[in-house]
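Data block below; observations after.
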Amino acid sequence: MAHHSSPSQTENPTPAVTPDVTSGITSVVQKTGVSWRFWLTVLLVLILGAMVFKSLHTLLATVHYRSIVHAVKHTPPSNLLLAVLATAVSYLSLAGYDVSSLRYVGAKVKGTTIGLTSFIAYALGNTVGLGVLTGGTIRMRLYTASGVEASQVAQAIAFNAGAFGLGMTTFGAIGLLWGAPQVQALAHIPSWLLRAIASVVLLGVAAFIILCRVRRDLLLFGRWNLRLPEAGLALRQLLISAVDLSAAAATLWFLLPSGVIDLPTFVAFYAIAMALGVISHVPGGVGVFEAVILLACANHAPTSDIAAALLLYRGVYFLLPLLLATILLAAFEMRSGVGAPVARAAVKLSPWLLTALTLVTGTMLLISGVTPATRHAEELLRLHVPLFVVEASHLIGSVAGLAMLFLARGLLHRLDAAWWASLVLTVIAGILALPKGIAISEFIVLFLLASLLVISRKQFDRRSSLFSQTFEPGWLIAVACVLAACGWILLFAYRDIDFADRMWWQFAFDDYAPRSMRTLMVVAIMALGLGLWQLFRRSTGAAERPGEAELQRAAEIVRKQPAADACLALMGDKSLLFSASGNSFIMFAKHNRSWVALSDPVGDQKEWSELIWRFIELADGHGGRAAFYKVRPQSLPLYLDAGLRVYKLGEEAYVPLDQFSLQGPRRANLRHGVNRAEREGLNFEMLAVEQLPPLLDQLKVVSDAWLADQDTREKSFSLGGFDEAYILRQPVAVIRREGKIIAFASLMCPEVLRIEAAIDLMRQLPDAPPGTMDFLFSQLMLYFKERGFQHFGLGMAPMSGMKDHQLAPRWQRFGRMLFMHGGRFYNFRGLRNFKDKFDPVWEARYLVTKGGLGPLFAFTDTAALISGGLKGAISK
């Protein structure tokens with residue numbers, strides 16, 4: 001898979017897209033239709049939702065809404081306090097997962113950092129679901145800020161997921177062994193068979209512990225080497241899991257009526273409910289978890305009491321930690337002089353938690369809009385508030401709730417407009433909570449959300465239009481599910497009312513059913529309209545190359561910044577996305593669904609974060625996947641903040657010019673090669689841009705001969721190609737013999753700061769003397785050293801620096817295998833050895849994109865962009 005340069009052609013891949021310049025910003029008017037994945041996702045969600053709703057409807061067939069409200073209000077305060085204490089124990093024990101995982105990978109982190117990271121990760125992950133992804137991103141952000149290598153954090157995340165699964169399986173089996181007769185009545189499976197299954201599971205766990213004691217490595221499927229934890233660490237992790245699951249189950253158990261079920265048996269049901277909730281991928285397992293618990297306890301206590309306990313459990317175990325985590329980050333925000341890297345990284349997570357809290361608050365407002373107020377509230381409203389105010393408050397509060405579901409996405413992307421809109425709607429909804437139904441608890445939540453938004457104001461600094469957002473199908477599906485749940489709650493709350501057409505026009509203080517119906521209808525129509533607008537405004541389009549005006553504008557930015565590879569924007573084969581100020585840009589191209597940006601943004605670094613977000617939104621809005629190719633280590637936090645994942649590509653070589661010389665024993669071979677080239681009559685000459693036009697034909701002869709000799713095609717995207725307009729934009733170094741040009745190299749050297757210079761296009765005649773390129777490189781380094789440049793770039797060695805350690809990510813181990821044995825496809829080792837002779841410093845380069853299969857597709861599409869198609873990437 002030859003998608004990188006040889007010693008004569010530098011490296012980099014990317015996709016090509018066409019932007020349409022409007023208001024000074026190059027953008028791409030390319031949109032994609034709704035794919036089959038969207039409709040498959042819709043179908044799966046509808047099937048799962050129908051199953052959950054049917055189960056809940058059956059279980060709650062004889063339960064009345066007011067009986068659940070009564071049970072919630074009459075839950076003893078002592079039970080609530082015990083549930084809060086059990087939640088605290090559970091979250092404290094969850095930090096033990098992180099302690100064990102960091103010990104497993106050999107990383108040392110302060111206890112306070114572990115506690116902070118664990119609490120935020122679990123508070124967010126438990127609420128929104130997909131805990132491995134959401135919590136994993138938070139761990140990556142905070143642990144890397146504390147000095148842990150990204151590969152170690154990834155291994156720790158995997159350890160956490162495996163430890164949680166093992167713990168839940170183990171103690172679910174213990175609970176099943178203890179309470180088999182009760183489970184038999186529910187599952188209609190003989191208790192002896194249940195106990196046999198539990199015993200087999202526990203024997204398997206015991207065998208695993210013994211294996212950890214006698215072996216440190218395990219070969220899986222004959223290919224993958226897994227390092228096993230120490231037996232003591234595995235046992236300690238099981239103990240942590242026991243405390244965690246027992247405390248989490250106890251949180252709900254304390255909220256149930258006394259004597260419903262003994263705790264060990266309940267732990268078994270709790271583990272089953274948790275497992276099914278995780279498998280469903282529904283955020284927080286909502287509905288799935290409740291259905292299992294209702295089935296398990298239905299014959300032991302009134303269903304209304306169990307439903308009330310489940311509602312309180314959601315508030316205590318999920319929402320309370322989320323609120324506390326958000327307040328904790330707000331406290332960091334309020335502290336002056338927060339200079340520690342971990343503290344700064346934690347503050348950057350505020351938008352994530354505020355997004356989750358806004359989603360919860362919006363859902364709360366919608367549910368409040370379809371449920372009746374208490375009789376006491378109704379009497380107060382009748383005495384002191386006009387009816388039209390009650391009606392308007394009800395409707396406006398629900399519309400605000402719907403808007404907050406959509407604004408949450410803008411908060412996630414740190415949009416200034418989303419912050420203002422959320423703050424205004426939160427304040428309005430808070431004011432209307434009282435005339436709507438004397439909703440004191442609702443008012444408190446809205447007041448806290450407004451306060452947290454104000455405190456975290458600085459995190460929402462992206463000046464972007466709300467109407468430019470494009471919502472992913474998954475977001476629209478989630479909103480649709482919330483509205484469907486509200487519809488079911490409405491039918492459940494007013495199940496004793498005989499619905500009729502005339503009800504739509506009934507207005508009275510005690511006519512809550514008509515009021516809720518009108519509210520839900522308005523909200524549903526608004527949501528449908530917005531969803532259709534989002535879906536139908538997407539279209540497919542073509543990519544455009546920038547015009548001469550945009551290239552001149554980019555050239556002016558390139559001149560004033562330090563990175564040499566920014567000059568590749570001047571090839572004109574990549575689209576340009578400029579910042580609003582026009583002082584920076586991203587160069588990118590498109591292949592299939594991959595939108596690949598080459599390297600980091602170019603220009604004013606203060607605008608990089610905004611540009612990265614805009615590029616991700618641009619790709620998402622057109623149904624694509626955003627990827628950033630050849631990202632430098634220093635800018636990784638910007639991409640992690642955007643929720644992307646990091647994959648190493650290789651290493652780039654550069655020579656510190658202040659240390660470069662042909663003198664000394666270390667440079668003996670290089671010095672002898674230069675002397676030999678001079679004896680053979682080779683002469684080095686640097687040609688300025690104005691000297692190039694008369695020599696273009698000679699340069700093209702050299703280039704064509706090199707391509708024919710190498711049996712390869714012209715590369716592009718991350719590599720310079722022989723395009724006359726591009727060659728004429730930058731200086732060229734030539735090697736002559738007897739006045740004839742036998743080799744040349746185009747150069748990337750931003751001239752204002754004089755930080756970095758690098759070779760771009762390198763070509764030589766097949767009959768050029770051996771060592772010609774060594775001579776060219778050496779003379780160039782001496783030339784730029786004299787002119788005050790700080791270092792000279794030699795380009796990237798793909799797959800270089802990959803780790804083959806048993807704990808290394810699979811991506812790196814695969815890259816290492818390619819580097820060692822992939823010579824049939826590309827001379828990885830030869831390229832590294834060629835550059836090593838100049839004694840360079842090696843710096844890692846990364847591919848940054850979303851997880852899953854995204855990196856594989858992005859890498860393949862980038863290779864196709866470099867090589868002019870997938871066929872070219874596979875051949876040469």
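Just so we're on the same page: first chain in the structure tokens is A, next is B, and so on; residues restart at 1 for each chain, and ligands are numbered from 1 in the order they show up.
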Practice prompt. Show which residues sit within 12 Å of Ile735 in chain A, as number ranges by chain. Count only C-alpha atoms, and ignore same-chain residues fewer than 5 positions away.
Written response: A: 677-678, 680-687, 698-699, 702, 740-746, 762-765, 768-769, 771-780
Using N, CA, C and O atoms, can you write the selected residues to a file as a short mmCIF file (atom, residue, chain, number, x, y, z; two decimals), in the first residue's frame?
```
data_model
loop_
_atom_site.label_atom_id
_atom_site.label_comp_id
_atom_site.auth_asym_id
_atom_site.auth_seq_id
_atom_site.Cartn_x
_atom_site.Cartn_y
_atom_site.Cartn_z
N ALA A 677 30.79 13.88 -4.52
CA ALA A 677 29.91 14.54 -5.49
C ALA A 677 30.58 15.76 -6.10
O ALA A 677 30.46 16.01 -7.32
N GLU A 678 31.32 16.51 -5.31
CA GLU A 678 32.01 17.70 -5.84
C GLU A 678 33.12 17.29 -6.80
O GLU A 678 33.35 17.96 -7.82
N GLU A 680 33.01 14.77 -8.68
CA GLU A 680 32.36 14.34 -9.92
C GLU A 680 31.74 15.49 -10.69
O GLU A 680 31.02 15.27 -11.67
N GLY A 681 31.92 16.69 -10.20
CA GLY A 681 31.47 17.86 -10.94
C GLY A 681 30.05 18.29 -10.64
O GLY A 681 29.46 19.05 -11.42
N LEU A 682 29.48 17.85 -9.54
CA LEU A 682 28.12 18.26 -9.20
C LEU A 682 28.14 19.65 -8.56
O LEU A 682 28.98 19.93 -7.70
N ASN A 683 27.21 20.48 -8.97
CA ASN A 683 27.11 21.84 -8.45
C ASN A 683 25.70 22.08 -7.92
O ASN A 683 24.71 21.71 -8.56
N PHE A 684 25.63 22.71 -6.77
CA PHE A 684 24.34 23.07 -6.14
C PHE A 684 24.01 24.51 -6.48
O PHE A 684 24.87 25.40 -6.43
N GLU A 685 22.71 24.74 -6.79
CA GLU A 685 22.27 26.10 -7.10
C GLU A 685 20.83 26.28 -6.60
O GLU A 685 19.99 25.40 -6.79
N MET A 686 20.56 27.40 -5.94
CA MET A 686 19.22 27.73 -5.47
C MET A 686 18.62 28.73 -6.44
O MET A 686 19.20 29.79 -6.71
N LEU A 687 17.44 28.40 -6.96
CA LEU A 687 16.77 29.25 -7.94
C LEU A 687 15.58 29.95 -7.29
O LEU A 687 14.73 29.30 -6.67
N GLN A 698 13.29 21.93 -18.62
CA GLN A 698 14.36 21.05 -18.13
C GLN A 698 13.93 20.30 -16.87
O GLN A 698 14.22 19.11 -16.70
N LEU A 699 13.23 21.00 -15.99
CA LEU A 699 12.76 20.35 -14.76
C LEU A 699 11.75 19.25 -15.08
O LEU A 699 11.75 18.19 -14.45
N VAL A 702 13.44 16.02 -16.17
CA VAL A 702 13.95 15.26 -15.02
C VAL A 702 12.79 14.56 -14.31
O VAL A 702 12.89 13.38 -13.94
N LYS A 740 24.14 20.87 -16.98
CA LYS A 740 22.85 20.20 -17.19
C LYS A 740 22.21 19.89 -15.84
O LYS A 740 22.87 19.39 -14.93
N ILE A 741 20.90 20.17 -15.73
CA ILE A 741 20.17 19.84 -14.50
C ILE A 741 19.95 18.33 -14.45
O ILE A 741 19.31 17.76 -15.35
N ILE A 742 20.47 17.68 -13.41
CA ILE A 742 20.28 16.23 -13.28
C ILE A 742 19.39 15.87 -12.08
O ILE A 742 18.97 14.73 -11.94
N ALA A 743 19.13 16.85 -11.21
CA ALA A 743 18.26 16.61 -10.06
C ALA A 743 17.74 17.96 -9.57
O ALA A 743 18.38 19.00 -9.78
N PHE A 744 16.58 17.93 -8.94
CA PHE A 744 16.03 19.17 -8.38
C PHE A 744 15.13 18.83 -7.20
O PHE A 744 14.69 17.68 -7.02
N ALA A 745 14.83 19.84 -6.43
CA ALA A 745 13.88 19.72 -5.31
C ALA A 745 13.16 21.04 -5.14
O ALA A 745 13.82 22.09 -5.07
N SER A 746 11.84 20.99 -5.12
CA SER A 746 11.08 22.19 -4.77
C SER A 746 11.05 22.30 -3.25
O SER A 746 11.11 21.29 -2.54
N MET A 762 10.99 15.96 -5.00
CA MET A 762 12.38 15.59 -5.25
C MET A 762 12.46 14.65 -6.44
O MET A 762 11.81 13.61 -6.45
N ARG A 763 13.25 15.02 -7.43
CA ARG A 763 13.37 14.20 -8.64
C ARG A 763 14.83 14.20 -9.10
O ARG A 763 15.55 15.19 -8.93
N GLN A 764 15.26 13.10 -9.75
CA GLN A 764 16.60 13.03 -10.33
C GLN A 764 16.57 12.14 -11.56
O GLN A 764 15.68 11.28 -11.71
N LEU A 765 17.52 12.35 -12.48
CA LEU A 765 17.64 11.50 -13.66
C LEU A 765 18.12 10.11 -13.26
O LEU A 765 18.87 9.96 -12.29
N ALA A 768 21.84 9.72 -12.73
CA ALA A 768 22.53 10.62 -11.80
C ALA A 768 23.48 9.82 -10.94
O ALA A 768 23.20 8.67 -10.57
N PRO A 769 24.64 10.38 -10.59
CA PRO A 769 25.62 9.63 -9.78
C PRO A 769 25.03 9.23 -8.43
O PRO A 769 24.19 9.94 -7.87
N GLY A 771 24.53 9.04 -4.58
CA GLY A 771 24.78 10.07 -3.58
C GLY A 771 24.35 11.46 -3.98
O GLY A 771 24.58 12.42 -3.25
N THR A 772 23.68 11.58 -5.13
CA THR A 772 23.24 12.90 -5.58
C THR A 772 22.28 13.53 -4.58
O THR A 772 22.37 14.71 -4.24
N MET A 773 21.34 12.71 -4.10
CA MET A 773 20.35 13.24 -3.16
C MET A 773 20.98 13.57 -1.81
O MET A 773 20.59 14.54 -1.15
N ASP A 774 21.98 12.78 -1.39
CA ASP A 774 22.68 13.12 -0.15
C ASP A 774 23.35 14.49 -0.28
O ASP A 774 23.33 15.32 0.64
N PHE A 775 23.95 14.70 -1.44
CA PHE A 775 24.61 15.98 -1.71
C PHE A 775 23.59 17.11 -1.69
O PHE A 775 23.82 18.17 -1.09
N LEU A 776 22.42 16.88 -2.32
CA LEU A 776 21.38 17.90 -2.38
C LEU A 776 20.87 18.24 -0.97
O LEU A 776 20.75 19.42 -0.60
N PHE A 777 20.59 17.22 -0.17
CA PHE A 777 20.11 17.44 1.19
C PHE A 777 21.13 18.23 2.01
O PHE A 777 20.78 19.18 2.72
N SER A 778 22.38 17.81 1.94
CA SER A 778 23.41 18.47 2.74
C SER A 778 23.56 19.94 2.38
O SER A 778 23.66 20.80 3.26
N GLN A 779 23.59 20.23 1.08
CA GLN A 779 23.75 21.61 0.65
C GLN A 779 22.54 22.46 1.07
O GLN A 779 22.68 23.64 1.43
N LEU A 780 21.35 21.86 1.01
CA LEU A 780 20.16 22.60 1.41
C LEU A 780 20.19 22.94 2.90
O LEU A 780 19.82 24.05 3.31
#
```
Using only C-alpha atoms, determine which residues lie at most 10 Å from range 653-667 of chain A, disregarding the query and same-chain residues fewer than 2 positions distant; provide the list as a short mmCIF file (atom, residue, chain, number, x, y, z; two decimals) with C-alpha atoms, in the first residue's frame.
```
data_model
loop_
_atom_site.label_atom_id
_atom_site.label_comp_id
_atom_site.auth_asym_id
_atom_site.auth_seq_id
_atom_site.Cartn_x
_atom_site.Cartn_y
_atom_site.Cartn_z
CA GLU A 651 7.22 9.84 12.71
CA ASN A 669 30.09 9.27 5.71
CA LEU A 670 27.97 12.27 4.74
CA ARG A 671 31.09 14.47 4.38
CA HIS A 672 32.82 11.90 2.18
CA GLY A 673 29.70 11.66 -0.02
CA VAL A 674 29.61 15.42 -0.49
CA GLU A 756 11.09 25.53 9.30
CA ALA A 757 12.16 24.67 5.77
CA ALA A 758 11.47 21.34 4.06
CA SER A 778 23.41 18.47 2.74
CA GLN A 779 23.75 21.61 0.65
CA MET A 781 20.68 22.27 5.15
CA LEU A 782 23.80 24.38 5.01
CA TYR A 783 21.98 26.94 2.84
CA PHE A 784 19.03 27.34 5.23
CA LYS A 785 21.31 27.31 8.28
CA GLU A 786 23.11 30.35 6.88
CA GLY A 788 18.69 31.66 10.04
CA PHE A 789 16.12 28.85 9.74
CA GLN A 790 15.79 26.73 12.88
CA HIS A 791 15.24 23.26 11.47
CA PHE A 792 14.97 21.36 8.20
CA GLY A 793 12.17 18.87 7.60
CA LEU A 794 12.94 15.55 5.94
CA GLY A 795 9.34 14.36 5.77
CA MET A 796 7.54 11.47 7.43
CA ALA A 797 8.53 7.83 7.74
CA ARG A 832 13.58 5.53 7.69
CA LYS A 835 16.64 9.86 6.71
CA ASP A 836 18.49 8.49 9.74
CA LYS A 837 21.83 9.19 8.09
CA PHE A 838 21.22 12.90 8.71
CA ASP A 839 20.86 12.23 12.46
CA PRO A 840 17.41 13.87 12.72
CA VAL A 841 15.01 14.34 15.60
CA TRP A 842 11.87 12.22 15.17
CA GLU A 843 8.45 13.57 16.12
CA ALA A 844 5.20 11.58 16.01
#
```
Review point. Given the choices A:Ala95, A:Leu381, A:Leu402, A:Ala580, which gets closest to Met526 in chain A if the distance is worked out from only C-alpha atoms?
Key: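 Of the candidates, the smallest distance to Met526 in chain A is held by A:Leu402.
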TODO: Can you pull out every residue within 10 Å of range 414-423 of chain A, counting only C-alpha atoms, but drop anything in the same chain fewer than 6 positions away, and send it as a PyMOL selection string?
DONE: chain A and resi 350-352+355+358+400-401+403-408+429+446+449-454+456-467+610+613+642
Using N, CA, C and O atoms, can you export the residues from the last selection as a compact mmCIF listing (two decimals), in the first residue's frame?
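Output saved as again-v8.txt:
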```txt
# COMPACT_ATOMS: atom_id res chain seq x y z
N SER A 350 -16.64 21.20 30.81
CA SER A 350 -17.91 21.80 31.24
C SER A 350 -18.99 21.71 30.16
O SER A 350 -20.15 21.37 30.47
N PRO A 351 -18.69 22.01 28.89
CA PRO A 351 -19.74 21.92 27.87
C PRO A 351 -20.35 20.52 27.77
O PRO A 351 -21.54 20.39 27.47
N TRP A 352 -19.55 19.49 27.99
CA TRP A 352 -20.09 18.13 27.91
C TRP A 352 -21.15 17.91 28.98
O TRP A 352 -22.25 17.41 28.69
N THR A 355 -24.20 20.02 28.46
CA THR A 355 -25.02 19.44 27.39
C THR A 355 -25.93 18.36 27.95
O THR A 355 -27.14 18.33 27.67
N THR A 358 -28.58 19.91 30.14
CA THR A 358 -29.60 20.59 29.32
C THR A 358 -30.55 19.58 28.69
O THR A 358 -31.76 19.82 28.61
N ALA A 400 -40.00 25.40 25.18
CA ALA A 400 -38.63 25.63 25.65
C ALA A 400 -37.90 24.31 25.86
O ALA A 400 -36.72 24.18 25.54
N GLY A 401 -38.61 23.30 26.39
CA GLY A 401 -38.00 21.99 26.58
C GLY A 401 -37.57 21.37 25.27
O GLY A 401 -36.47 20.82 25.16
N ALA A 403 -36.88 23.01 22.48
CA ALA A 403 -35.76 23.81 21.97
C ALA A 403 -34.45 23.42 22.66
O ALA A 403 -33.39 23.38 22.03
N MET A 404 -34.53 23.12 23.94
CA MET A 404 -33.31 22.77 24.68
C MET A 404 -32.73 21.43 24.22
O MET A 404 -31.51 21.23 24.28
N LEU A 405 -33.58 20.53 23.73
CA LEU A 405 -33.06 19.27 23.18
C LEU A 405 -32.20 19.54 21.95
O LEU A 405 -31.22 18.82 21.68
N PHE A 406 -32.57 20.54 21.17
CA PHE A 406 -31.79 20.88 19.98
C PHE A 406 -30.62 21.80 20.32
O PHE A 406 -29.55 21.70 19.72
N LEU A 407 -30.83 22.70 21.27
CA LEU A 407 -29.75 23.61 21.65
C LEU A 407 -28.61 22.86 22.32
O LEU A 407 -27.46 23.33 22.30
N ALA A 408 -28.91 21.71 22.91
CA ALA A 408 -27.86 20.95 23.59
C ALA A 408 -26.72 20.61 22.64
O ALA A 408 -25.55 20.59 23.03
N ALA A 429 -38.30 29.56 31.29
CA ALA A 429 -38.96 28.35 31.80
C ALA A 429 -38.97 28.34 33.33
O ALA A 429 -39.95 27.88 33.94
N LEU A 446 -33.95 24.42 37.08
CA LEU A 446 -33.73 25.46 36.06
C LEU A 446 -32.84 26.58 36.60
O LEU A 446 -31.98 27.11 35.88
N LEU A 449 -29.30 25.24 36.56
CA LEU A 449 -28.78 25.19 35.20
C LEU A 449 -28.40 26.59 34.71
O LEU A 449 -27.33 26.78 34.12
N ALA A 450 -29.26 27.57 34.96
CA ALA A 450 -28.95 28.95 34.56
C ALA A 450 -27.68 29.44 35.25
O ALA A 450 -26.81 30.07 34.61
N SER A 451 -27.52 29.14 36.53
CA SER A 451 -26.33 29.57 37.26
C SER A 451 -25.07 28.92 36.70
O SER A 451 -24.03 29.57 36.53
N LEU A 452 -25.16 27.63 36.41
CA LEU A 452 -24.00 26.93 35.87
C LEU A 452 -23.63 27.44 34.48
O LEU A 452 -22.45 27.51 34.12
N LEU A 453 -24.64 27.79 33.69
CA LEU A 453 -24.37 28.36 32.36
C LEU A 453 -23.63 29.69 32.50
O LEU A 453 -22.67 29.96 31.77
N VAL A 454 -24.08 30.50 33.43
CA VAL A 454 -23.43 31.80 33.63
C VAL A 454 -21.98 31.62 34.07
O VAL A 454 -21.06 32.29 33.57
N SER A 456 -20.00 29.14 33.52
CA SER A 456 -19.18 28.51 32.48
C SER A 456 -19.18 29.31 31.17
O SER A 456 -18.86 28.77 30.12
N ARG A 457 -19.53 30.57 31.24
CA ARG A 457 -19.67 31.39 30.03
C ARG A 457 -18.44 31.33 29.13
O ARG A 457 -18.56 31.26 27.90
N LYS A 458 -17.24 31.36 29.70
CA LYS A 458 -16.03 31.46 28.88
C LYS A 458 -15.81 30.24 27.99
O LYS A 458 -15.07 30.32 27.01
N GLN A 459 -16.44 29.11 28.32
CA GLN A 459 -16.23 27.91 27.52
C GLN A 459 -17.03 27.92 26.22
O GLN A 459 -16.79 27.10 25.34
N PHE A 460 -17.95 28.86 26.07
CA PHE A 460 -18.80 28.92 24.88
C PHE A 460 -18.44 30.17 24.08
O PHE A 460 -19.14 31.18 24.12
N ASP A 461 -17.34 30.08 23.36
CA ASP A 461 -16.79 31.24 22.69
C ASP A 461 -16.80 31.13 21.17
O ASP A 461 -16.18 31.92 20.48
N ARG A 462 -17.51 30.14 20.65
CA ARG A 462 -17.52 29.94 19.19
C ARG A 462 -18.65 30.76 18.57
O ARG A 462 -19.83 30.52 18.82
N ARG A 463 -18.26 31.73 17.74
CA ARG A 463 -19.24 32.60 17.09
C ARG A 463 -19.75 31.90 15.84
O ARG A 463 -19.11 31.90 14.80
N SER A 464 -20.87 31.28 15.95
CA SER A 464 -21.42 30.53 14.82
C SER A 464 -22.94 30.57 14.89
O SER A 464 -23.53 30.70 15.96
N SER A 465 -23.56 30.47 13.75
CA SER A 465 -25.02 30.53 13.68
C SER A 465 -25.65 29.21 14.09
O SER A 465 -25.19 28.14 13.69
N LEU A 466 -26.72 29.31 14.86
CA LEU A 466 -27.46 28.09 15.22
C LEU A 466 -28.08 27.43 14.00
O LEU A 466 -28.20 26.21 13.92
N PHE A 467 -28.48 28.24 13.03
CA PHE A 467 -29.19 27.71 11.87
C PHE A 467 -28.26 27.04 10.87
O PHE A 467 -28.72 26.40 9.93
N GLU A 610 -11.89 26.84 16.69
CA GLU A 610 -13.12 27.13 15.96
C GLU A 610 -13.11 26.48 14.57
O GLU A 610 -14.10 25.91 14.12
N TRP A 613 -13.74 22.69 14.85
CA TRP A 613 -15.17 22.41 15.07
C TRP A 613 -15.96 22.63 13.80
O TRP A 613 -16.85 21.83 13.45
N ALA A 642 -12.77 17.99 20.88
CA ALA A 642 -13.84 17.83 19.90
C ALA A 642 -14.38 16.40 19.88
O ALA A 642 -15.21 16.06 19.02
```
All helix (DSSP H, G or I) positions in range 390-510 of chain A, as a PyMOL selection string = chain A and resi 390-412+416-437+440-455+457-459+466-468+473-493+501-505
Practice item. Mind checking which residues fall within 10 Å of Leu255 in chain A, counting only C-alpha atoms, ignoring those fewer than 5 positions away in the same chain, and posting them as a PyMOL selection string? Key: chain A and resi 72+75-83+250+305-306+308-313
With N, CA, C and O atoms retained, write the just-selected residues as a short mmCIF file (atom, residue, chain, number, x, y, z; two decimals), in the first residue's frame.
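Below is the file that was written, selection.cif:
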```cif
data_model
loop_
_atom_site.label_atom_id
_atom_site.label_comp_id
_atom_site.auth_asym_id
_atom_site.auth_seq_id
_atom_site.Cartn_x
_atom_site.Cartn_y
_atom_site.Cartn_z
N VAL A 72 -44.07 8.51 45.62
CA VAL A 72 -42.83 9.30 45.59
C VAL A 72 -42.82 10.28 46.76
O VAL A 72 -41.83 10.41 47.48
N THR A 75 -42.22 8.69 50.29
CA THR A 75 -41.01 7.89 50.56
C THR A 75 -40.32 8.46 51.80
O THR A 75 -40.05 9.66 51.86
N PRO A 76 -40.02 7.64 52.80
CA PRO A 76 -39.42 8.16 54.03
C PRO A 76 -38.09 8.86 53.74
O PRO A 76 -37.26 8.35 52.97
N PRO A 77 -37.86 10.01 54.36
CA PRO A 77 -36.58 10.72 54.19
C PRO A 77 -35.38 9.86 54.56
O PRO A 77 -34.30 9.99 53.96
N SER A 78 -35.55 8.99 55.55
CA SER A 78 -34.44 8.12 55.95
C SER A 78 -34.04 7.19 54.81
O SER A 78 -32.85 6.92 54.59
N ASN A 79 -35.04 6.70 54.05
CA ASN A 79 -34.72 5.85 52.90
C ASN A 79 -33.97 6.63 51.83
O ASN A 79 -33.04 6.12 51.20
N LEU A 80 -34.39 7.88 51.61
CA LEU A 80 -33.69 8.72 50.63
C LEU A 80 -32.25 8.96 51.06
O LEU A 80 -31.32 8.93 50.25
N LEU A 81 -32.05 9.22 52.35
CA LEU A 81 -30.71 9.45 52.85
C LEU A 81 -29.84 8.21 52.68
O LEU A 81 -28.67 8.30 52.26
N LEU A 82 -30.40 7.03 52.99
CA LEU A 82 -29.65 5.79 52.80
C LEU A 82 -29.30 5.58 51.33
O LEU A 82 -28.20 5.11 50.99
N ALA A 83 -30.23 5.92 50.44
CA ALA A 83 -29.97 5.77 49.01
C ALA A 83 -28.85 6.70 48.55
O ALA A 83 -27.98 6.31 47.76
N ALA A 250 -28.10 -1.45 46.26
CA ALA A 250 -28.67 -1.00 47.53
C ALA A 250 -29.34 0.36 47.40
O ALA A 250 -30.32 0.65 48.10
N ASP A 305 -45.55 1.47 43.90
CA ASP A 305 -44.43 1.72 44.81
C ASP A 305 -43.09 1.40 44.13
O ASP A 305 -42.09 2.11 44.34
N ILE A 306 -43.07 0.33 43.34
CA ILE A 306 -41.84 -0.03 42.63
C ILE A 306 -41.51 1.04 41.58
O ILE A 306 -40.36 1.45 41.42
N ALA A 308 -42.37 4.15 41.66
CA ALA A 308 -41.91 5.34 42.37
C ALA A 308 -40.45 5.19 42.78
O ALA A 308 -39.66 6.14 42.68
N ALA A 309 -40.09 4.00 43.25
CA ALA A 309 -38.70 3.76 43.64
C ALA A 309 -37.76 3.90 42.44
O ALA A 309 -36.65 4.44 42.56
N LEU A 310 -38.19 3.42 41.28
CA LEU A 310 -37.36 3.53 40.07
C LEU A 310 -37.17 4.99 39.67
O LEU A 310 -36.08 5.39 39.24
N LEU A 311 -38.23 5.79 39.78
CA LEU A 311 -38.10 7.23 39.46
C LEU A 311 -37.11 7.91 40.41
O LEU A 311 -36.25 8.69 39.98
N LEU A 312 -37.24 7.62 41.69
CA LEU A 312 -36.32 8.22 42.65
C LEU A 312 -34.90 7.72 42.44
O LEU A 312 -33.93 8.48 42.59
N TYR A 313 -34.75 6.46 42.08
CA TYR A 313 -33.43 5.90 41.80
C TYR A 313 -32.75 6.64 40.65
O TYR A 313 -31.55 6.95 40.72
#
```
Check the smallest atom-to-atom distance from each of A:Ala163, A:Ala123, A:Val148, A:Val482 to Leu92 in chain A using only C-alpha atoms, then report the winner.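 Closest candidate: A:Ala123.
Using only C-alpha atoms, the residues found no farther than 6 Å from Leu142 in chain A, other than those of its own chain fewer than 3 positions away, are Arg139, Ala145, Val342 and Ala345 of chain A.
Checking A:Thr860, A:Ser258, A:Ser398, A:Thr127 one by one against Gly315 in chain A, counting only C-alpha atoms, you find the shortest gap at A:Thr127.
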Shortest contact to Ala307 in chain A, candidates A:Gly175, A:Phe722, A:Val63, A:Leu357, atoms counted only C-alpha atoms, goes to A:Val63
What gap, in Å, lies between CA of Ile477 in chain A and CA of Val596 in chain A?
->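 Separating CA of Ile477 in chain A from CA of Val596 in chain A is a distance of 27.3 Å.
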Have a look at A:Ala668, A:Pro229, A:Leu761, A:Ile586 and name the one nearest to Lys700 in chain A; count only C-alpha atoms.
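So, comparing all the options, the nearest one is A:Leu761.
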